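Participant: Sending over work07.txt (compact mmCIF, C-alpha atoms and all ligand atoms).
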```
# COMPACT_ATOMS: atom_id res chain seq x y z
CA MET G 192 -7.65 3.12 -22.68
CA ASN G 193 -7.34 6.72 -23.87
CA SER G 194 -5.53 7.24 -27.14
CA LEU G 195 -1.80 7.64 -26.79
CA ILE G 196 -0.75 11.23 -26.27
CA LYS G 197 2.18 12.34 -28.45
CA GLY G 198 5.50 11.68 -26.73
CA ASN G 199 3.92 9.27 -24.27
CA LEU G 200 4.48 5.56 -23.90
CA ALA G 201 1.55 3.20 -23.32
CA VAL G 202 2.50 0.87 -20.48
CA ASN G 203 0.89 -2.45 -19.59
CA LEU G 204 1.99 -3.40 -16.06
CA LYS G 205 1.00 -6.72 -14.51
CA ILE G 206 0.84 -6.64 -10.74
CA ALA G 207 0.20 -9.38 -8.17
CA ILE G 208 -0.39 -8.74 -4.47
CA VAL G 209 -0.08 -11.47 -1.86
CA GLN G 210 -2.30 -10.93 1.20
CA LEU G 211 -1.24 -12.98 4.24
CA ASN G 212 -2.15 -13.50 7.88
CA PRO G 213 1.25 -14.03 9.57
CA GLN G 214 1.35 -14.72 13.30
CA ILE G 215 4.36 -13.99 15.50
CA GLY G 216 6.55 -17.08 16.01
CA GLN G 217 5.04 -18.96 13.08
CA ILE G 218 7.31 -18.09 10.17
CA THR G 219 7.62 -21.69 8.95
CA SER G 220 3.88 -22.19 8.61
CA THR G 221 3.43 -18.75 7.04
CA VAL G 222 6.13 -19.51 4.46
CA GLY G 223 4.43 -22.89 3.84
CA ARG G 224 1.05 -21.27 3.21
CA THR G 225 2.66 -18.65 0.99
CA TRP G 226 4.05 -21.34 -1.31
CA GLU G 227 0.77 -23.21 -1.31
CA LEU G 228 -0.95 -19.98 -2.34
CA LEU G 229 1.65 -19.07 -4.97
CA LYS G 230 1.44 -22.56 -6.49
CA LYS G 231 -2.36 -22.35 -6.72
CA PHE G 232 -1.99 -18.95 -8.35
CA ASN G 233 0.62 -20.31 -10.76
CA ASP G 234 -1.63 -23.24 -11.73
CA LYS G 235 -4.35 -20.74 -12.66
CA ILE G 236 -2.15 -18.52 -14.82
CA VAL G 237 0.32 -21.02 -16.26
CA ASN G 238 -1.43 -21.51 -19.62
CA THR G 239 -2.57 -17.91 -19.96
CA PRO G 240 -0.81 -14.68 -20.96
CA LYS G 241 -1.10 -13.58 -17.30
CA LYS G 242 2.38 -13.20 -15.87
CA PRO G 243 3.19 -10.75 -13.08
CA ASP G 244 5.92 -8.15 -13.64
CA ILE G 245 5.95 -7.47 -9.91
CA ILE G 246 4.69 -9.31 -6.81
CA ILE G 247 4.08 -7.29 -3.66
CA PHE G 248 3.84 -8.59 -0.09
CA PRO G 249 2.59 -6.75 3.04
CA GLU G 250 4.53 -4.98 5.81
CA PHE G 251 6.21 -7.59 8.10
CA ALA G 252 4.72 -10.16 5.72
CA LEU G 253 6.22 -13.26 7.34
CA THR G 254 6.95 -12.25 10.93
CA GLY G 255 3.67 -10.83 12.25
CA TYR G 256 3.38 -7.23 13.40
CA ASN G 257 2.63 -6.56 17.09
CA PHE G 258 6.07 -6.75 18.70
CA HIS G 259 6.29 -5.04 22.07
CA SER G 260 9.99 -4.81 22.84
CA ARG G 261 13.42 -4.71 21.27
CA ASP G 262 14.27 -8.08 22.82
CA GLN G 263 11.14 -9.67 21.43
CA ILE G 264 11.72 -8.52 17.84
CA LEU G 265 15.52 -8.90 17.66
CA PRO G 266 15.51 -12.65 16.77
CA TYR G 267 13.21 -11.81 13.81
CA CYS G 268 15.33 -8.96 12.45
CA SER G 269 17.64 -9.44 9.47
CA LEU G 270 20.06 -7.61 7.27
CA PRO G 271 18.41 -6.66 3.96
CA ASP G 272 20.14 -9.55 2.15
CA LYS G 273 19.69 -12.24 4.80
CA GLY G 274 16.85 -14.07 6.52
CA PRO G 275 13.56 -15.72 5.58
CA SER G 276 11.95 -12.70 3.88
CA TYR G 277 14.98 -12.20 1.62
CA ASP G 278 15.14 -15.95 0.85
CA LEU G 279 11.46 -16.09 -0.02
CA ALA G 280 11.61 -12.94 -2.16
CA CYS G 281 14.57 -14.31 -4.16
CA LYS G 282 12.74 -17.59 -4.81
CA VAL G 283 9.54 -15.77 -5.80
CA SER G 284 11.49 -13.52 -8.21
CA SER G 285 13.17 -16.50 -9.85
CA MET G 286 9.97 -18.59 -10.06
CA PHE G 287 7.97 -15.78 -11.73
CA GLU G 288 10.89 -13.86 -13.30
CA CYS G 289 9.60 -10.69 -11.75
CA TYR G 290 10.33 -8.03 -9.15
CA THR G 291 9.36 -8.90 -5.57
CA VAL G 292 8.74 -6.40 -2.77
CA ILE G 293 8.39 -7.63 0.81
CA GLY G 294 8.20 -5.94 4.22
CA TYR G 295 10.42 -7.26 7.07
CA PRO G 296 12.06 -6.10 10.31
CA GLU G 297 15.60 -4.88 9.58
CA ARG G 298 18.64 -4.66 11.81
CA THR G 299 21.97 -3.09 10.93
CA LYS G 300 25.22 -5.11 10.99
CA ASN G 301 26.05 -4.73 14.66
CA GLY G 302 22.36 -4.92 15.51
CA ASP G 303 22.21 -1.49 17.14
CA LYS G 304 19.69 0.06 14.77
CA LEU G 305 16.29 -1.40 13.92
CA TYR G 306 14.00 -0.37 11.07
CA ASN G 307 10.65 -1.37 9.60
CA SER G 308 11.73 -1.97 6.00
CA ALA G 309 10.86 -3.38 2.59
CA ILE G 310 13.31 -4.87 0.10
CA VAL G 311 13.03 -4.95 -3.67
CA ILE G 312 14.46 -8.00 -5.47
CA ASN G 313 14.83 -7.86 -9.27
CA PRO G 314 13.93 -10.68 -11.71
CA GLN G 315 17.58 -11.85 -11.56
CA GLY G 316 17.26 -12.37 -7.82
CA GLU G 317 19.38 -9.35 -6.83
CA LEU G 318 18.59 -6.96 -4.01
CA ILE G 319 18.23 -3.55 -5.67
CA PHE G 320 16.60 -1.35 -3.02
CA ASN G 321 15.84 -1.28 0.68
CA TYR G 322 13.29 1.25 1.91
CA ARG G 323 12.86 2.07 5.59
CA LYS G 324 9.53 3.30 6.94
CA SER G 325 9.66 7.06 7.52
CA PHE G 326 6.57 7.69 9.65
CA LEU G 327 6.24 5.30 12.58
CA TYR G 328 3.13 3.88 14.19
CA GLN G 329 2.97 3.56 17.99
CA THR G 330 3.59 -0.22 17.73
CA ASP G 331 6.88 0.42 15.88
CA GLU G 332 8.00 2.71 18.68
CA GLU G 333 7.52 -0.05 21.27
CA TRP G 334 10.56 -1.90 19.87
CA ASP G 335 12.77 1.14 19.25
CA CYS G 336 12.25 1.27 15.52
CA LEU G 337 14.06 4.23 13.94
CA GLU G 338 12.70 6.54 11.26
CA ASN G 339 14.20 6.39 7.79
CA PRO G 340 16.95 9.02 8.01
CA GLN G 341 16.44 9.76 4.30
CA GLY G 342 12.66 10.21 4.48
CA PHE G 343 10.51 9.30 1.48
CA GLN G 344 12.49 8.11 -1.53
CA THR G 345 12.04 7.28 -5.19
CA PHE G 346 14.00 4.80 -7.29
CA PRO G 347 13.75 3.53 -10.87
CA LEU G 348 12.26 0.12 -11.67
CA THR G 349 13.01 -1.01 -15.20
CA PHE G 350 10.54 -3.35 -16.89
CA GLN G 351 11.45 -5.13 -20.12
CA ASN G 352 9.15 -4.78 -23.13
CA ILE G 353 6.00 -3.65 -21.35
CA ALA G 354 5.57 -0.33 -23.20
CA ARG G 355 4.64 0.80 -26.70
CA ASP G 356 5.42 4.06 -28.45
CA GLN G 357 3.28 6.03 -30.93
CA GLN G 358 4.43 3.76 -33.80
CA GLY G 359 3.54 0.62 -31.87
CA ASN G 360 7.16 -0.37 -31.21
CA VAL G 361 7.62 -2.41 -28.05
CA GLN G 362 9.94 -0.78 -25.53
CA SER G 363 11.32 -1.24 -22.06
CA VAL G 364 10.43 1.41 -19.54
CA SER G 365 11.93 2.65 -16.33
CA LEU G 366 9.18 3.71 -13.94
CA LYS G 367 9.79 6.25 -11.20
CA THR G 368 8.77 4.26 -8.14
CA SER G 369 8.31 4.86 -4.43
CA ILE G 370 7.43 2.74 -1.43
CA GLY G 371 5.21 3.86 1.44
CA ILE G 372 4.90 1.54 4.43
CA CYS G 373 1.51 1.85 6.13
CA MET G 374 1.84 4.79 8.55
CA ASP G 375 3.76 6.65 5.80
CA LEU G 376 0.28 7.35 4.39
CA SER G 377 -0.95 8.94 7.62
CA PRO G 378 -0.20 12.42 8.99
CA TYR G 379 3.19 12.34 10.77
CA LYS G 380 2.61 10.87 14.26
CA PHE G 381 -1.11 11.63 13.64
CA LYS G 382 -0.15 15.19 14.61
CA ALA G 383 0.71 16.91 11.33
CA PRO G 384 -2.14 18.81 9.64
CA PHE G 385 -4.34 16.33 7.76
CA HIS G 386 -4.16 18.51 4.63
CA ASP G 387 -0.40 18.28 4.35
CA TYR G 388 -0.88 14.82 2.76
CA GLU G 389 2.86 14.38 3.16
CA PHE G 390 3.36 11.11 1.27
CA ALA G 391 0.96 11.91 -1.59
CA THR G 392 2.33 15.46 -1.90
CA TYR G 393 5.89 14.11 -2.06
CA ASN G 394 4.87 11.74 -4.85
CA VAL G 395 2.96 14.34 -6.86
CA ASP G 396 5.92 16.70 -6.60
CA GLN G 397 8.38 13.97 -7.62
CA GLY G 398 6.24 12.71 -10.52
CA THR G 399 6.18 9.17 -9.12
CA GLU G 400 4.53 6.73 -11.54
CA LEU G 401 4.33 3.58 -9.42
CA ILE G 402 3.53 3.71 -5.70
CA ILE G 403 3.93 0.50 -3.71
CA CYS G 404 2.48 0.24 -0.20
CA PRO G 405 3.22 -2.80 1.99
CA MET G 406 0.91 -2.43 4.99
CA ALA G 407 -0.36 -3.82 8.28
CA TRP G 408 -3.29 -1.42 8.47
CA LEU G 409 -5.90 -1.87 11.17
CA HIS G 410 -9.62 -2.52 10.81
CA SER G 411 -11.87 -0.17 12.78
CA THR G 412 -12.92 -2.94 15.20
CA SER G 413 -9.36 -3.11 16.65
CA ALA G 414 -8.79 -2.45 20.33
CA ILE G 415 -6.03 0.13 19.98
CA ALA G 416 -2.93 -0.53 22.07
CA GLY G 417 -1.96 2.36 24.30
CA ASP G 418 -5.55 3.46 24.56
CA ASP G 419 -5.81 4.23 28.27
CA ASN G 420 -9.52 3.78 28.51
CA GLU G 421 -9.52 0.19 29.78
CA ILE G 422 -13.29 -0.20 29.58
CA GLU G 423 -13.31 0.78 25.92
CA VAL G 424 -10.45 -1.60 25.17
CA GLN G 425 -12.26 -4.45 26.92
CA THR G 426 -15.49 -3.67 25.04
CA SER G 427 -13.58 -3.82 21.74
CA ILE G 428 -11.93 -7.12 22.71
CA ASN G 429 -15.31 -8.63 23.58
CA ASN G 430 -16.71 -7.37 20.29
CA ILE G 431 -13.82 -9.00 18.36
CA GLY G 432 -14.54 -12.28 20.19
CA ARG G 433 -18.23 -12.09 19.23
CA ASN G 434 -17.30 -11.34 15.60
CA CYS G 435 -15.06 -14.43 15.47
CA THR G 436 -17.76 -16.65 16.98
CA ARG G 437 -20.38 -15.35 14.58
CA GLU G 438 -18.09 -15.75 11.55
CA ASP G 439 -16.99 -19.13 12.90
CA ILE G 440 -13.31 -18.24 12.59
CA PRO G 441 -10.45 -18.76 15.07
CA VAL G 442 -9.21 -15.85 17.23
CA VAL G 443 -6.32 -15.27 14.82
CA GLY G 444 -8.68 -14.91 11.86
CA THR G 445 -8.60 -16.90 8.66
CA GLN G 446 -5.51 -18.76 7.46
CA GLY G 447 -5.36 -21.02 4.42
CA LYS G 448 -8.72 -19.92 3.06
CA PHE G 449 -7.42 -18.44 -0.16
CA ASP G 450 -9.17 -15.96 -2.47
CA ILE G 451 -7.35 -15.93 -5.79
CA ASN G 452 -8.73 -12.98 -7.69
CA ILE G 453 -7.36 -12.79 -11.21
CA ASP G 454 -10.42 -11.69 -13.21
CA ASN G 455 -10.55 -8.14 -14.35
CA ASN G 456 -13.54 -7.16 -12.22
CA GLU G 457 -13.30 -3.61 -10.94
CA THR G 458 -14.31 -2.94 -7.34
CA PRO G 459 -17.76 -1.33 -7.06
CA ARG G 460 -17.43 2.25 -5.85
CA LEU G 461 -19.07 2.99 -2.53
CA ALA G 462 -19.12 6.39 -0.88
CA ARG G 463 -19.94 5.08 2.54
CA GLU G 464 -19.51 1.68 4.12
CA ASP G 465 -22.55 -0.30 5.30
CA GLU G 466 -23.92 0.98 8.59
CA ASP G 467 -22.63 -2.15 10.31
CA ASP G 468 -19.13 -2.18 8.89
CA ARG G 469 -17.49 -0.14 11.61
CA ASN G 470 -18.46 -2.55 14.38
CA LEU G 471 -18.76 -5.83 12.61
CA PHE G 472 -15.90 -7.82 11.19
CA HIS G 473 -17.89 -9.67 8.56
CA LYS G 474 -18.13 -10.32 4.80
CA LEU G 475 -14.48 -11.39 4.94
CA ASP G 476 -14.30 -11.89 1.16
CA LYS G 477 -15.35 -8.28 0.52
CA PRO G 478 -13.09 -5.23 0.82
CA ASP G 479 -13.47 -2.89 3.77
CA MET G 480 -14.68 0.17 1.86
CA CYS G 481 -14.28 2.32 4.93
CA ASN G 482 -10.50 1.89 4.69
CA VAL G 483 -10.44 1.94 0.88
CA ASN G 484 -12.15 5.34 1.01
CA TYR G 485 -9.73 6.57 3.65
CA TRP G 486 -6.65 5.44 1.72
CA LEU G 487 -7.90 7.18 -1.41
CA LEU G 488 -8.61 10.32 0.61
CA ARG G 489 -4.96 10.25 1.73
CA PHE G 490 -4.09 10.49 -1.98
CA LEU G 491 -6.20 13.60 -2.51
CA PRO G 492 -3.35 15.42 -4.33
CA PHE G 493 -3.77 12.72 -7.04
CA LEU G 494 -7.58 13.02 -7.22
CA GLY G 495 -9.38 15.24 -9.72
CA LEU G 496 -11.30 18.10 -8.11
CA LYS G 497 -12.96 20.59 -10.42
CA GLU G 498 -13.06 23.09 -7.60
CA ARG G 499 -9.27 23.10 -7.39
CA SER G 500 -9.21 25.33 -10.49
CA GLU G 501 -11.08 27.98 -8.48
CA TRP G 502 -8.64 28.04 -5.61
CA SER G 503 -7.31 31.54 -5.58
CA VAL G 504 -3.73 32.65 -5.70
CA THR G 505 -4.34 33.92 -2.18
CA ALA G 506 -5.03 30.39 -1.03
CA LEU G 507 -1.98 29.14 -2.87
CA SER G 508 0.19 31.79 -1.25
CA ARG G 509 0.22 29.36 1.66
CA LEU G 510 3.01 27.79 -0.34
CA ILE G 511 5.12 30.85 0.26
CA LEU G 512 6.48 31.68 3.67
CA ARG G 513 8.52 34.82 4.29
CA GLY G 514 9.01 35.28 0.55
CA LYS G 515 10.25 31.72 -0.02
CA LEU G 516 8.50 28.81 -1.69
CA PHE G 517 8.59 26.32 1.17
CA ARG G 518 6.31 23.72 -0.34
CA SER G 519 5.90 23.09 -4.02
CA SER G 520 2.25 22.05 -3.90
CA TYR G 521 -0.69 22.06 -1.53
CA VAL G 522 -3.43 19.38 -1.84
CA GLY G 523 -2.17 18.90 -5.39
CA ALA G 524 -2.27 22.59 -6.38
CA ALA G 525 0.91 24.41 -7.35
CA LEU G 526 1.55 28.04 -8.26
CA ASP G 527 2.45 27.25 -11.88
CA LYS G 528 -0.26 24.64 -12.46
CA TYR G 529 -3.54 24.55 -10.57
CA TRP G 530 -3.31 20.74 -10.46
CA SER G 531 0.22 19.32 -10.68
CA PHE G 532 -1.01 15.83 -11.55
CA LYS G 533 -3.44 16.91 -14.31
CA ASP G 534 -3.21 14.68 -17.43
CA LYS G 535 -0.69 12.38 -15.78
CA ASN G 536 -1.13 8.76 -14.71
CA ALA G 537 0.08 6.85 -11.67
CA VAL G 538 -0.49 3.36 -10.33
CA LEU G 539 -1.01 2.59 -6.65
CA ALA G 540 -0.66 -0.95 -5.25
CA ILE G 541 -1.62 -1.52 -1.62
CA ALA G 542 -0.61 -4.88 -0.12
CA ASN G 543 -2.23 -5.06 3.31
CA ARG G 544 -2.15 -8.04 5.65
CA CYS G 545 -5.24 -9.63 7.15
CA GLY G 546 -5.96 -11.60 10.33
CA ILE G 547 -6.09 -10.79 14.04
CA GLU G 548 -3.21 -10.57 16.55
CA GLU G 549 -3.59 -10.96 20.34
CA GLY G 550 -7.38 -10.94 20.03
CA LYS G 551 -7.00 -7.14 19.83
CA THR G 552 -5.53 -6.02 16.56
CA VAL G 553 -7.74 -6.73 13.57
CA PHE G 554 -6.03 -6.02 10.25
CA ALA G 555 -8.10 -4.71 7.37
CA GLY G 556 -6.85 -6.76 4.37
CA SER G 557 -8.61 -5.27 1.31
CA SER G 558 -5.38 -5.12 -0.69
CA GLY G 559 -5.99 -3.26 -3.92
CA ILE G 560 -4.70 -1.95 -7.23
CA TYR G 561 -5.65 1.55 -8.39
CA LYS G 562 -4.96 3.85 -11.31
CA PHE G 563 -5.05 7.63 -10.96
CA ASN G 564 -6.01 8.88 -14.43
CA GLY G 565 -5.30 12.60 -14.07
CA GLN G 566 -8.78 13.63 -15.29
CA GLU G 567 -11.43 15.87 -13.76
CA PHE G 568 -15.13 15.16 -14.10
CA GLU G 569 -17.88 17.76 -13.92
CA GLY G 570 -19.93 17.46 -10.74
CA ASN G 571 -17.65 14.75 -9.34
CA ASP G 572 -15.61 16.30 -6.56
CA SER G 573 -16.08 13.46 -4.09
CA LEU G 574 -13.24 12.68 -1.71
CA ASP G 575 -13.59 8.90 -1.76
CA SER G 576 -13.81 5.87 -4.04
CA THR G 577 -16.63 7.48 -6.06
CA ASN G 578 -14.20 10.05 -7.48
CA LEU G 579 -13.89 9.03 -11.16
CA SER G 580 -10.26 10.15 -11.39
CA VAL G 581 -9.29 6.96 -9.56
CA GLU G 582 -9.99 3.59 -11.17
CA LEU G 583 -10.52 0.73 -8.71
CA LYS G 584 -8.90 -2.08 -10.68
CA GLY G 585 -9.58 -4.66 -7.99
CA ASN G 586 -9.47 -5.53 -4.29
CA LEU G 587 -9.19 -8.60 -2.14
CA GLY G 588 -11.54 -9.12 0.79
CA LYS G 589 -10.83 -7.87 4.29
CA GLY G 590 -10.33 -11.18 6.04
CA ASN G 591 -9.00 -13.96 3.81
CA GLU G 592 -5.52 -14.65 2.58
CA GLY G 593 -5.14 -14.54 -1.18
CA ILE G 594 -3.68 -13.12 -4.34
CA LEU G 595 -4.92 -10.21 -6.41
CA TYR G 596 -3.68 -10.00 -10.00
CA ARG G 597 -4.41 -7.11 -12.35
CA GLU G 598 -3.03 -5.63 -15.54
CA VAL G 599 -2.98 -1.86 -15.54
CA ASN G 600 -2.77 0.19 -18.74
CA PHE G 601 -1.45 3.70 -18.28
CA GLN G 602 0.66 6.35 -19.98
CA VAL G 603 3.98 7.87 -19.05
CA SER G 604 5.59 10.84 -20.71
CA ARG G 605 9.10 10.21 -22.08
N1 LIG G 701 -2.24 4.40 10.28
C1 LIG G 701 -2.09 2.98 10.27
C2 LIG G 701 -3.28 2.32 10.97
O1 LIG G 701 -3.99 3.00 11.65
C3 LIG G 701 -0.76 2.60 10.85
C4 LIG G 701 -0.49 1.12 11.03
C5 LIG G 701 0.93 0.75 10.68
O2 LIG G 701 1.79 1.60 10.47
N2 LIG G 701 1.20 -0.54 10.59
O3 LIG G 701 -3.56 1.14 10.80
```
Have the structure of the file written as structure tokens, please.
Facilitator:
Amino acid sequence: MNSLIKGNLAVNLKIAIVQLNPQIGQITSTVGRTWELLKKFNDKIVNTPKKPDIIIFPEFALTGYNFHSRDQILPYCSLPDKGPSYDLACKVSSMFECYTVIGYPERTKNGDKLYNSAIVINPQGELIFNYRKSFLYQTDEEWDCLENPQGFQTFPLTFQNIARDQQGNVQSVSLKTSIGICMDLSPYKFKAPFHDYEFATYNVDQGTELIICPMAWLHSTSAIAGDDNEIEVQTSINNIGRNCTREDIPVVGTQGKFDINIDNNETPRLAREDEDDRNLFHKLDKPDMCNVNYWLLRFLPFLGLKERSEWSVTALSRLILRGKLFRSSYVGAALDKYWSFKDKNAVLAIANRCGIEEGKTVFAGSSGIYKFNGQEFEGNDSLDSTNLSVELKGNLGKGNEGILYREVNFQVSR
């Protein structure tokens, strides 16, 4: 890693992501597979220095995702400190002595309000944070999910003895952390201007150091619910059927075929997906680079762009409306610093689910761990995974369940 900048701490954070294919109504078998997977993972790391500081699960990790009504989802909803997701997270935290983050459907005490949420359990097994999804996807709206009344949030996560100062002394560090659940990464209701990059802009402005994203993000072969072109929907459904037959997988996709990826291999950068990748659901053990590129594009405020330094003050005056600063940065550029994130570091962990629901919704898997290094590179202004300011520490494949484990070295200023 780069030499330690004066006043900075060098952090070594060990992250594990669990990628699952949960189906609605099958919590017991999903929990069973999760333990089978975690035990296999544990057997591989037990006599090594590998030991996760945090384990991250997807959005609605145990329940499945495509609920269509309030009545249908209600039996699966829990208070933050009750229910199967909470129980599992507490056990995972105590087994690995680490933080656990898991997405689950939340209901309030009298059951009148429903949210799409993620809890954070600390290594002592205590619930320390509950985040509710702020931007909702159309599927969330079908069951009367409410938006997080607080919007995006940050909170501190304290890790014991994972940092070193200039003198080499080991220290604990409290990382400024945020959670974004799937649609939080998209433009609000797909209607806000793409270049607002709401979630990434919020995090650049806040100086977030660790960004955790539990997701149920779709693969491009999905037949999108609510699409009123019935012929197109049917064509997509037929295509999904053909993909399953060709791959020799059941209609729900792969379950119990585990990829445990704990080597330090970085993901090869790829500007564009294979020609076939939009229509075919194949190479299930390889990441879907189409989505990886899109996710990284949604973090453009964190990406180095040499050309940003040439953006004129006139362009930046978009930040000022009727004499008031109404937004502190725009695509990462601020009035006082042409790139707010320059020379900073941040870690992004995306835990996406895999599998297929209702023969229609294909999830994209491809969970990954990334480091934004805050550097710009001459002649490298690409808006995808080939931008050298993002390091692709590793990804799981698009279709199999599994665990991704990586250690990320980065600096924080203290
Ligand atoms: N934008 C996401 C997608 O297209 C939203 C899905 C979600 O919120 N679960 O997959």
Participant: List all protein, DNA and RNA residues that have an atom no more than 8 Å from any atom of ligand LIG 701 (chain G), counting all atoms listed in the file, and report them as a ChimeraX atom specification.
Facilitator: /G:250,256,326-331,372-377,406-410,554
Participant: Between G:Arg460, G:Asn452, G:Gly546, G:Phe390, which is the closest to Leu491 in chain G once you count all atoms listed in the file?
Facilitator: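 Of the candidates, the smallest distance to Leu491 in chain G is held by G:Phe390.
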Participant: Looking at G:Pro378, G:Pro405, G:Asn257, G:Asp450, which one is nearest to Arg323 in chain G, with distances taken over only C-alpha atoms?
Facilitator: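 Of the candidates, the smallest distance to Arg323 in chain G is held by G:Pro405.
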Participant: Using only C-alpha atoms, which protein or nucleic acid residues come within 12 Å of Asn352 in chain G? Drop anything in the same chain fewer than 4 positions from it, and give the result as a list in words.
Facilitator: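 That gives Leu200, Ala201, Val202, Asn203, Leu204, Asp244, Asp356, Gly359, Asn360, Val361, Gln362, Ser363, Val364 and Ser365 of chain G.
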Participant: With distances taken over all atoms listed in the file, which of G:Ile310, G:Val553, G:Ile453, G:Leu494 is nearest to Asp534 in chain G?
Facilitator: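 Among the listed residues, G:Leu494 lies closest to Asp534 in chain G.
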Participant: Each residue of range 357-413 of chain G with at least one atom at most 10 Å from range 506-525 of chain G should appear once, together with its nearest atom pair and the corresponding distance in Å (one decimal); atoms considered: all atoms listed in the file; ordering: chain, then increasing residue number; output as a Markdown table.
Facilitator:
```
| residue | atom | partner | partner_atom | distance |
| --- | --- | --- | --- | --- |
| G:His386 | CA | G:Val522 | CA | 6.6 |
| G:Asp387 | CA | G:Val522 | CA | 7.0 |
| G:Tyr388 | CA | G:Val522 | CA | 7.0 |
| G:Glu389 | CA | G:Val522 | CA | 9.5 |
| G:Ala391 | CA | G:Gly523 | CA | 8.5 |
| G:Thr392 | CA | G:Gly523 | CA | 6.7 |
| G:Tyr393 | CA | G:Ser520 | CA | 8.9 |
| G:Val395 | CA | G:Gly523 | CA | 7.0 |
| G:Asp396 | CA | G:Ser519 | CA | 6.9 |
```
Participant: Of the residues G:Ala555, G:Leu229, G:Ala309, G:Ile560, which is the one nearest to Leu475 in chain G, using all atoms listed in the file?
Facilitator: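 Of all the options, G:Ala555 lies closest to Leu475 in chain G.
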Participant: Would you work out the distance separating CA of Thr299 in chain G from CA of Ser276 in chain G, expressed in Å to one decimal?
Facilitator: 15.6 Å
Participant: Restricting the calculation to only C-alpha atoms, which member of G:Val424, G:Ile246, G:Leu595, G:Cys281 is positioned closest to Pro478 in chain G?
Facilitator: G:Leu595
Participant: If you count all atoms listed in the file, which residues fall within 12 Å of Cys289 in chain G, apart from same-chain ones fewer than 6 positions away, as a list in words?
Facilitator: Leu204, Lys205, Ile206, Ala207, Lys242, Pro243, Asp244, Ile245, Ile246, Ile247, Ala280, Cys281, Lys282, Val283, Val311, Ile312, Asn313, Pro314, Gln315, Gly316, Glu317, Leu348, Thr349, Phe350 and Gln351 of chain G
Participant: Smallest atom-to-atom distance to Asn484 in chain G: which of G:Met286, G:Ala462, G:Ile403, G:Ala540, using all atoms listed in the file?
Facilitator: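 Under the stated criterion, the closest residue is G:Ala462.
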Participant: Residues near range 260-266 of chain G, anyone? I mean within 12 Å using all atoms listed in the file, not counting same-chain ones fewer than 4 positions away, as a PyMOL selection string.
Facilitator: chain G and resi 215-216+218+251+254-256+270+274-275+295-299+301-307+329-337
Participant: Just give me the gap between CA of Thr221 in chain G and CA of Leu253 in chain G in Å, one decimal is fine.
Facilitator: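 That distance, rounded to one decimal, is 6.2 Å.
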Participant: Taking (-3.7, -20.4, -4.3) in the file's coordinates, which residues come within 10 Å, counting all atoms listed in the file, written as a PyMOL selection string?
Facilitator: chain G and resi 209+224-235+447-452+592-594
Participant: Which value, in Å to one decimal, gives the distance between CA of Leu279 in chain G and CA of Leu318 in chain G?
Facilitator: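 If I compute the distance from CA of Leu279 in chain G to CA of Leu318 in chain G, I get 12.3 Å.
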